[in-house]
>>> print(open('start.csv').read())   # CSV, C-alpha atoms
chain,number,residue,atom,x,y,z
A,1,MET,CA,-1.9,33.1,-6.1
A,2,LYS,CA,0.0,33.1,-2.8
A,3,VAL,CA,1.5,29.7,-2.0
A,4,ARG,CA,2.1,28.8,1.6
A,5,ILE,CA,5.5,27.4,2.5
A,6,PHE,CA,5.4,24.8,5.4
A,7,ASP,CA,9.0,24.0,6.3
A,8,THR,CA,9.7,20.6,7.9
A,9,THR,CA,13.5,20.7,8.0
A,10,LEU,CA,13.4,20.4,11.8
A,11,ARG,CA,11.1,17.4,11.8
A,12,ASP,CA,11.2,15.4,8.5
A,13,GLY,CA,14.6,16.8,7.6
A,14,GLU,CA,16.1,15.6,10.9
A,15,GLN,CA,15.2,12.0,9.8
A,16,THR,CA,18.1,12.2,7.4
A,17,ILE,CA,20.5,9.4,8.1
A,18,GLY,CA,23.2,10.6,10.5
A,19,VAL,CA,21.5,13.9,11.4
A,20,SER,CA,20.7,14.7,15.1
A,21,LEU,CA,20.1,18.3,16.3
A,22,SER,CA,20.3,19.6,19.8
A,23,PRO,CA,17.5,22.0,21.0
A,24,ASP,CA,19.9,25.0,20.7
A,25,GLN,CA,20.7,24.0,17.1
A,26,LYS,CA,17.0,23.6,16.3
A,27,LEU,CA,16.3,27.0,17.7
A,28,ALA,CA,19.1,28.6,15.6
A,29,ILE,CA,17.7,27.0,12.5
A,30,ALA,CA,14.2,28.0,13.3
A,31,LYS,CA,15.3,31.7,13.5
A,32,LYS,CA,17.0,31.4,10.1
A,33,LEU,CA,13.9,29.8,8.6
A,34,ASP,CA,11.8,32.6,10.0
A,35,ASP,CA,14.1,35.2,8.5
A,36,LEU,CA,13.9,33.4,5.2
A,37,GLY,CA,10.1,34.0,5.1
A,38,VAL,CA,8.6,30.5,5.6
A,39,ASP,CA,4.9,30.6,6.6
A,40,ALA,CA,5.1,27.7,9.0
A,41,ILE,CA,7.8,25.6,10.7
A,42,GLU,CA,7.2,22.1,11.8
A,43,ALA,CA,9.4,22.3,14.9
A,44,GLY,CA,9.4,18.6,15.8
A,45,PHE,CA,7.5,15.7,17.3
A,46,PRO,CA,7.2,16.8,20.9
A,47,VAL,CA,6.1,13.5,22.5
A,48,ILE,CA,9.0,11.3,21.3
A,49,SER,CA,11.7,12.5,23.8
A,50,SER,CA,12.5,15.1,26.4
A,51,GLY,CA,15.0,16.7,24.1
A,52,GLU,CA,12.5,17.0,21.3
A,53,PHE,CA,9.9,18.4,23.7
A,54,LYS,CA,12.5,21.0,25.0
A,55,ALA,CA,13.4,22.1,21.4
A,56,VAL,CA,9.7,22.5,20.4
A,57,LYS,CA,9.0,24.4,23.5
A,58,MET,CA,11.9,26.8,23.0
A,59,ILE,CA,10.9,27.5,19.4
A,60,ALA,CA,7.3,28.0,20.4
A,61,ALA,CA,8.3,30.5,23.0
A,62,GLU,CA,10.7,32.5,20.8
A,63,GLY,CA,8.0,34.8,19.4
A,64,LEU,CA,8.8,34.1,15.7
A,65,SER,CA,6.6,35.7,13.1
A,66,CYS,CA,5.8,32.4,11.3
A,67,GLU,CA,3.4,29.7,12.6
A,68,ILE,CA,5.0,26.9,14.7
A,69,ALA,CA,3.5,23.4,14.3
A,70,GLY,CA,4.2,20.1,16.0
A,71,LEU,CA,3.7,16.6,14.7
A,72,THR,CA,1.4,14.2,16.5
A,73,ARG,CA,-0.1,10.8,15.9
A,74,THR,CA,-3.8,10.5,16.4
A,75,ILE,CA,-3.3,9.8,20.1
A,76,LYS,CA,-4.5,12.1,22.9
A,77,ASN,CA,-1.2,12.0,24.7
A,78,ASP,CA,0.7,13.2,21.6
A,79,ILE,CA,-1.8,16.1,21.3
A,80,ASP,CA,-1.5,16.9,25.0
A,81,SER,CA,2.3,17.0,24.7
A,82,ALA,CA,2.0,19.5,21.9
A,83,VAL,CA,-0.2,21.7,24.0
A,84,ASN,CA,2.2,21.4,27.0
A,85,ALA,CA,5.1,22.5,24.7
A,86,GLY,CA,3.2,25.7,24.1
A,87,LEU,CA,1.9,25.0,20.6
A,88,ASN,CA,-1.4,26.1,19.2
A,89,TYR,CA,-1.0,24.2,15.9
A,90,ILE,CA,-0.6,20.5,15.3
A,91,HIS,CA,0.0,18.4,12.2
A,92,THR,CA,-1.7,15.1,13.1
A,93,PHE,CA,-1.5,11.9,11.0
A,94,ILE,CA,-2.5,8.3,10.6
A,95,ALA,CA,-1.8,5.9,7.8
A,96,THR,CA,-4.7,5.1,5.4
A,97,SER,CA,-3.2,2.8,2.8
A,98,ASP,CA,-4.1,-0.9,3.1
A,99,ILE,CA,-0.5,-1.9,3.3
A,100,HIS,CA,0.2,0.4,6.2
A,101,LEU,CA,-3.1,-0.5,7.9
A,102,GLN,CA,-2.4,-4.3,7.6
A,103,TYR,CA,1.3,-4.5,8.4
A,104,LYS,CA,2.1,-1.4,10.5
A,105,LEU,CA,-1.0,-0.4,12.4
A,106,LYS,CA,-2.9,-3.7,12.2
A,107,MET,CA,-6.2,-1.8,11.9
A,108,THR,CA,-9.2,-1.8,9.7
A,109,ARG,CA,-10.1,1.2,7.5
A,110,GLU,CA,-13.0,1.9,9.8
A,111,GLN,CA,-10.7,1.9,12.9
A,112,ALA,CA,-8.2,4.3,11.3
A,113,LEU,CA,-11.0,6.6,10.2
A,114,GLU,CA,-12.4,6.7,13.7
A,115,LYS,CA,-9.0,7.5,15.2
A,116,ALA,CA,-8.6,10.3,12.6
A,117,ILE,CA,-11.9,11.9,13.5
A,118,GLU,CA,-11.3,11.5,17.3
A,119,ALA,CA,-7.9,13.2,17.0
A,120,VAL,CA,-9.3,16.2,15.0
A,121,GLU,CA,-12.1,16.6,17.4
A,122,TYR,CA,-9.8,16.4,20.4
A,123,GLY,CA,-7.3,18.8,18.9
A,124,LYS,CA,-10.1,21.3,18.3
A,125,SER,CA,-11.4,20.8,21.9
A,126,ARG,CA,-7.9,21.8,23.1
A,127,GLY,CA,-8.1,25.0,21.1
A,128,LEU,CA,-5.6,24.0,18.4
A,129,GLN,CA,-5.4,24.7,14.7
A,130,VAL,CA,-5.4,21.2,13.2
A,131,GLU,CA,-3.8,20.0,10.0
A,132,PHE,CA,-4.6,16.4,9.2
A,133,SER,CA,-2.5,14.1,7.1
A,134,ALA,CA,-3.4,10.7,5.6
A,135,GLU,CA,-0.1,9.0,5.7
A,136,ASP,CA,0.8,7.1,2.5
A,137,ALA,CA,-2.1,8.9,0.8
A,138,THR,CA,-0.8,8.2,-2.7
A,139,ARG,CA,-1.0,4.4,-2.1
A,140,THR,CA,-4.5,4.6,-0.5
A,141,ASP,CA,-7.6,3.5,-2.2
A,142,ARG,CA,-8.9,6.7,-3.8
A,143,GLU,CA,-12.5,6.5,-2.7
A,144,PHE,CA,-11.5,5.7,0.9
A,145,LEU,CA,-9.0,8.6,0.8
A,146,LYS,CA,-11.8,11.0,-0.2
A,147,LYS,CA,-14.0,9.7,2.6
A,148,VAL,CA,-11.2,10.2,5.2
A,149,PHE,CA,-10.6,13.8,4.1
A,150,ALA,CA,-14.3,14.6,3.9
A,151,ASP,CA,-15.0,13.2,7.4
A,152,VAL,CA,-12.1,15.0,9.1
A,153,ALA,CA,-13.2,18.2,7.4
A,154,LYS,CA,-16.7,17.7,9.0
A,155,ALA,CA,-14.9,17.0,12.3
A,156,GLY,CA,-13.4,20.4,12.2
A,157,ALA,CA,-10.0,20.1,10.6
A,158,ASP,CA,-8.5,23.4,9.5
A,159,ARG,CA,-6.3,22.0,6.8
A,160,VAL,CA,-5.6,18.7,5.1
A,161,ASN,CA,-2.4,17.3,3.7
A,162,ILE,CA,-1.7,14.8,1.0
A,163,PRO,CA,1.6,13.0,1.8
A,164,ASP,CA,3.4,11.1,-0.9
A,165,THR,CA,5.1,9.2,1.9
A,166,VAL,CA,7.3,6.9,-0.1
A,167,GLY,CA,7.7,9.0,-3.2
A,168,TYR,CA,5.3,6.8,-5.2
A,169,SER,CA,3.2,9.4,-7.1
A,170,THR,CA,3.6,10.9,-10.5
A,171,PRO,CA,2.7,14.5,-11.1
A,172,GLU,CA,-0.5,13.5,-13.0
A,173,TYR,CA,-1.7,11.4,-10.1
A,174,MET,CA,-0.8,14.0,-7.5
A,175,ALA,CA,-2.9,16.5,-9.5
A,176,GLU,CA,-5.8,14.1,-9.5
A,177,LEU,CA,-5.7,13.5,-5.8
A,178,THR,CA,-5.4,17.2,-5.1
A,179,ARG,CA,-8.5,18.0,-7.2
A,180,ASP,CA,-10.3,15.1,-5.3
A,181,THR,CA,-9.3,16.5,-2.0
A,182,VAL,CA,-10.2,20.1,-2.7
A,183,LYS,CA,-13.7,19.0,-3.8
A,184,ALA,CA,-14.2,16.6,-0.9
A,185,THR,CA,-13.2,19.1,1.8
A,186,ASN,CA,-13.5,22.7,0.6
A,187,LEU,CA,-10.4,23.3,2.9
A,188,PRO,CA,-6.9,24.5,2.2
A,189,VAL,CA,-4.9,21.6,0.9
A,190,SER,CA,-1.2,20.9,1.4
A,191,VAL,CA,1.1,18.5,-0.4
A,192,HIS,CA,4.0,16.7,1.2
A,193,CYS,CA,6.2,14.9,-1.4
A,194,HIS,CA,9.2,12.6,-1.0
A,195,ASN,CA,11.9,12.3,-3.6
A,196,ASP,CA,12.4,8.5,-3.9
A,197,PHE,CA,12.0,8.7,-7.7
A,198,GLY,CA,13.3,12.3,-8.1
A,199,LEU,CA,9.8,13.7,-8.5
A,200,ALA,CA,9.2,15.5,-5.1
A,201,VAL,CA,9.4,19.1,-6.6
A,202,ALA,CA,7.5,18.1,-9.7
A,203,ASN,CA,4.8,16.4,-7.7
A,204,SER,CA,4.6,19.5,-5.4
A,205,LEU,CA,4.2,21.8,-8.3
A,206,ALA,CA,1.5,19.6,-9.8
A,207,GLY,CA,-0.4,19.7,-6.6
A,208,ILE,CA,-0.2,23.5,-6.4
A,209,HIS,CA,-1.3,23.8,-10.1
A,210,ALA,CA,-4.3,21.5,-9.3
A,211,GLY,CA,-5.5,23.6,-6.4
A,212,ALA,CA,-3.3,23.0,-3.3
A,213,SER,CA,-2.3,26.1,-1.5
A,214,CYS,CA,0.6,24.9,0.5
A,215,ALA,CA,3.7,22.6,0.1
A,216,HIS,CA,5.7,20.9,2.8
A,217,VAL,CA,9.4,21.3,2.0
A,218,THR,CA,12.9,21.2,3.5
A,219,ILE,CA,16.1,23.2,3.1
A,220,ASN,CA,18.4,21.4,0.6
A,221,GLY,CA,15.7,18.7,0.2
A,222,ILE,CA,16.9,16.8,3.2
A,223,GLY,CA,14.9,14.1,4.8
A,224,GLU,CA,14.6,10.3,5.2
A,225,ARG,CA,15.7,8.0,2.4
A,226,ALA,CA,16.0,10.2,-0.7
A,227,GLY,CA,14.7,13.3,1.0
A,228,ASN,CA,11.8,15.8,0.6
A,229,ALA,CA,10.8,18.4,-1.8
A,230,SER,CA,13.5,21.1,-1.8
A,231,LEU,CA,12.4,24.5,-0.6
A,232,GLU,CA,15.0,26.2,-2.9
A,233,GLU,CA,13.9,24.4,-6.1
A,234,PHE,CA,10.2,24.6,-5.3
A,235,SER,CA,10.1,28.3,-4.4
A,236,MET,CA,12.4,29.4,-7.3
A,237,ALA,CA,10.4,27.2,-9.8
A,238,LEU,CA,7.2,29.1,-8.7
A,239,LYS,CA,9.0,32.4,-9.1
A,240,CYS,CA,10.8,31.8,-12.3
A,241,LEU,CA,9.1,29.2,-14.5
A,242,PRO,CA,6.5,30.3,-17.1
A,243,PHE,CA,3.3,28.9,-15.5
A,244,GLU,CA,0.0,30.1,-16.9
A,245,GLN,CA,-0.9,31.4,-13.4
A,246,LYS,CA,1.4,33.7,-11.4
A,247,TYR,CA,2.5,32.3,-8.1
A,248,GLU,CA,4.1,34.1,-5.2
A,249,THR,CA,5.6,33.1,-1.9
A,250,ASN,CA,6.9,35.0,1.1
A,251,ILE,CA,10.4,33.5,0.6
A,252,LYS,CA,13.2,36.0,0.4
A,253,SER,CA,15.1,34.5,-2.4
A,254,GLU,CA,18.3,36.5,-1.6
A,255,LEU,CA,18.6,34.6,1.7
A,256,ILE,CA,18.3,31.1,0.2
A,257,TYR,CA,22.0,30.6,-0.2
A,258,GLU,CA,22.9,31.8,3.3
A,259,THR,CA,20.2,29.7,4.8
A,260,SER,CA,21.2,26.6,2.9
A,261,ARG,CA,24.9,27.0,3.9
A,262,PHE,CA,24.0,27.6,7.5
A,263,ILE,CA,21.9,24.4,7.7
A,264,SER,CA,24.6,22.4,5.8
A,265,LYS,CA,27.1,23.4,8.4
A,266,THR,CA,25.0,22.9,11.5
>>> encode(input="start.csv", output="structure tokens")
Amino acid sequence: MKVRIFDTTLRDGEQTIGVSLSPDQKLAIAKKLDDLGVDAIEAGFPVISSGEFKAVKMIAAEGLSCEIAGLTRTIKNDIDSAVNAGLNYIHTFIATSDIHLQYKLKMTREQALEKAIEAVEYGKSRGLQVEFSAEDATRTDREFLKKVFADVAKAGADRVNIPDTVGYSTPEYMAELTRDTVKATNLPVSVHCHNDFGLAVANSLAGIHAGASCAHVTINGIGERAGNASLEEFSMALKCLPFEQKYETNIKSELIYETSRFISKT
């Protein structure tokens, strides 16, 4: 089974405390990631600043062999910004857990679902490939989460992503959510795991074993708080550990050390 590697070093990784990258630094890292063999790069969040927009636009125009995605909220202006940056692929998200809905978004479940569907439909109307994320999925009511994913699939989403936004899941629960999502959507499923309890790689592997086809990762596991699933650990685990099923990625393992050192020094 071929596992897709979606690298978010330039977006989620840049949320590491004390890290700030210039557009030129982002482009240099993107080239290294492309050489490494990642399938997709999340280049940034183009609507948030002129510098971020410039970096995403530079990467999108570079002609790299991997796919280039941009993060957007479920807001038309965010999606328009991604289009204006030259992207044809967005990763759009809205929170679905009750704690996020009540205290951060101040929305009902129904309002969040409506926003999710509208964003997917609008993204498709702009000719984009759309990957939809239910932020804080692992703390979301399980039946509601299935409904959200099923409805965005009907709206035209190309992929769906299960984010363990605060590193709350266990491998067993990530596997259960993945099986739910595959069944509810019949779409390619990604997992996006954080490392607050040291389980990001284990949770990512559990998701893949349960039917996900893609993992969101970062070089050196960098990212906000305790970080994200490490590309090095995840890809080498798939390559070397004795799973019942054989997994493959496009990662050139001989370039991992060089890429890791380059990004550490940037």
>>> closest_residue(input="start.csv", among="A:Ala212, A:Ala155, A:Ala150, A:Ala184", to="Glu121 of chain A", atoms="all atoms listed in the file")
A:Ala155
>>> residues_around(input="start.csv", residues="Lys57 of chain A", least_positions_apart="6", cutoff="8 Å", atoms="only C-alpha atoms", output="list in words")
Ala85, Gly86 and Leu87 of chain A
>>> closest_atom_pairs(input="start.csv", of="segment 81-112 of chain A", to="segment 138-146 of chain A", cutoff="10 Å", atoms="all atoms listed in the file", output="JSON lines")
{"residue": "A:Ala95", "atom": "CA", "partner": "A:Thr140", "partner_atom": "CA", "distance": 8.8}
{"residue": "A:Thr96", "atom": "CA", "partner": "A:Thr140", "partner_atom": "CA", "distance": 5.9}
{"residue": "A:Ser97", "atom": "CA", "partner": "A:Thr140", "partner_atom": "CA", "distance": 4.0}
{"residue": "A:Asp98", "atom": "CA", "partner": "A:Thr140", "partner_atom": "CA", "distance": 6.6}
{"residue": "A:Ile99", "atom": "CA", "partner": "A:Arg139", "partner_atom": "CA", "distance": 8.3}
{"residue": "A:His100", "atom": "CA", "partner": "A:Thr140", "partner_atom": "CA", "distance": 9.2}
{"residue": "A:Leu101", "atom": "CA", "partner": "A:Thr140", "partner_atom": "CA", "distance": 9.9}
{"residue": "A:Arg109", "atom": "CA", "partner": "A:Phe144", "partner_atom": "CA", "distance": 8.1}
{"residue": "A:Glu110", "atom": "CA", "partner": "A:Phe144", "partner_atom": "CA", "distance": 9.8}
>>> closest_residue(input="start.csv", among="A:Asp39, A:Asp151, A:Asp7, A:Glu67", to="Tyr89 of chain A", atoms="all atoms listed in the file")
A:Glu67
>>> residues_around(input="start.csv", residues="Asn203 of chain A", least_positions_apart="2", cutoff="7 Å", atoms="only C-alpha atoms", output="PDB file with C-alpha atoms, keeping the file's coordinate frame")
ATOM      1  CA  THR A 170       3.600  10.900 -10.500  1.00  0.00           C
ATOM      2  CA  PRO A 171       2.700  14.500 -11.100  1.00  0.00           C
ATOM      3  CA  MET A 174      -0.800  14.000  -7.500  1.00  0.00           C
ATOM      4  CA  CYS A 193       6.200  14.900  -1.400  1.00  0.00           C
ATOM      5  CA  LEU A 199       9.800  13.700  -8.500  1.00  0.00           C
ATOM      6  CA  ALA A 200       9.200  15.500  -5.100  1.00  0.00           C
ATOM      7  CA  VAL A 201       9.400  19.100  -6.600  1.00  0.00           C
ATOM      8  CA  LEU A 205       4.200  21.800  -8.300  1.00  0.00           C
ATOM      9  CA  ALA A 206       1.500  19.600  -9.800  1.00  0.00           C
ATOM     10  CA  GLY A 207      -0.400  19.700  -6.600  1.00  0.00           C
TER      11      GLY A 207
END
>>> residues_near_point(input="start.csv", point="(-5.5, 16.0, -7.8)", cutoff="10 Å", atoms="all atoms listed in the file", output="list in words")
Ile162, Pro171, Glu172, Tyr173, Met174, Ala175, Glu176, Leu177, Thr178, Arg179, Asp180, Thr181, Val182, Lys183, Ala206, Gly207, Ile208, His209, Ala210, Gly211 and Ala212 of chain A
>>> atom_distance(input="start.csv", atom1="atom CA of Ala116 of chain A", atom2="atom CA of Ile75 of chain A")
9.2 Å
>>> closest_residue(input="start.csv", among="A:Lys54, A:Lys104, A:Lys154, A:Arg73", to="Ala134 of chain A", atoms="all atoms listed in the file")
A:Arg73
>>> atom_distance(input="start.csv", atom1="atom CA of Phe6 of chain A", atom2="atom CA of Ala137 of chain A")
18.2 Å
>>> closest_residue(input="start.csv", among="A:Ser22, A:Thr8, A:Ser125, A:Ser81", to="Gly227 of chain A", atoms="all atoms listed in the file")
A:Thr8
>>> closest_residue(input="start.csv", among="A:Tyr103, A:Phe149, A:Phe262, A:Phe93", to="Gly123 of chain A", atoms="only C-alpha atoms")
A:Phe93
>>> closest_residue(input="start.csv", among="A:Leu21, A:Val47, A:Ala61, A:Ala55", to="Ala82 of chain A", atoms="only C-alpha atoms")
A:Val47
>>> residues_around(input="start.csv", residues="Ile222 of chain A", least_positions_apart="6", cutoff="7 Å", atoms="only C-alpha atoms", output="list of chain:residue names")
A:Gly13, A:Thr16, A:Asn228
>>> atom_distance(input="start.csv", atom1="atom CA of Gly51 of chain A", atom2="atom CA of Gln25 of chain A")
11.6 Å
>>> residues_around(input="start.csv", residues="Ile68 of chain A", least_positions_apart="5", cutoff="7 Å", atoms="only C-alpha atoms", output="PDB file with C-alpha atoms, in the frame of the given file")
ATOM      1  CA  ALA A  40       5.100  27.700   9.000  1.00  0.00           C
ATOM      2  CA  ILE A  41       7.800  25.600  10.700  1.00  0.00           C
ATOM      3  CA  GLU A  42       7.200  22.100  11.800  1.00  0.00           C
ATOM      4  CA  ALA A  43       9.400  22.300  14.900  1.00  0.00           C
ATOM      5  CA  ALA A  60       7.300  28.000  20.400  1.00  0.00           C
ATOM      6  CA  LEU A  87       1.900  25.000  20.600  1.00  0.00           C
ATOM      7  CA  TYR A  89      -1.000  24.200  15.900  1.00  0.00           C
TER       8      TYR A  89
END
>>> residues_around(input="start.csv", residues="Ser260 of chain A", least_positions_apart="5", cutoff="12 Å", atoms="only C-alpha atoms", output="list of chain:residue names")
A:Thr9, A:Ile29, A:Lys32, A:Leu33, A:Leu36, A:Thr218, A:Ile219, A:Asn220, A:Gly221, A:Ile222, A:Ser230, A:Leu231, A:Glu232, A:Glu233, A:Ser253, A:Glu254, A:Leu255, A:Lys265, A:Thr266
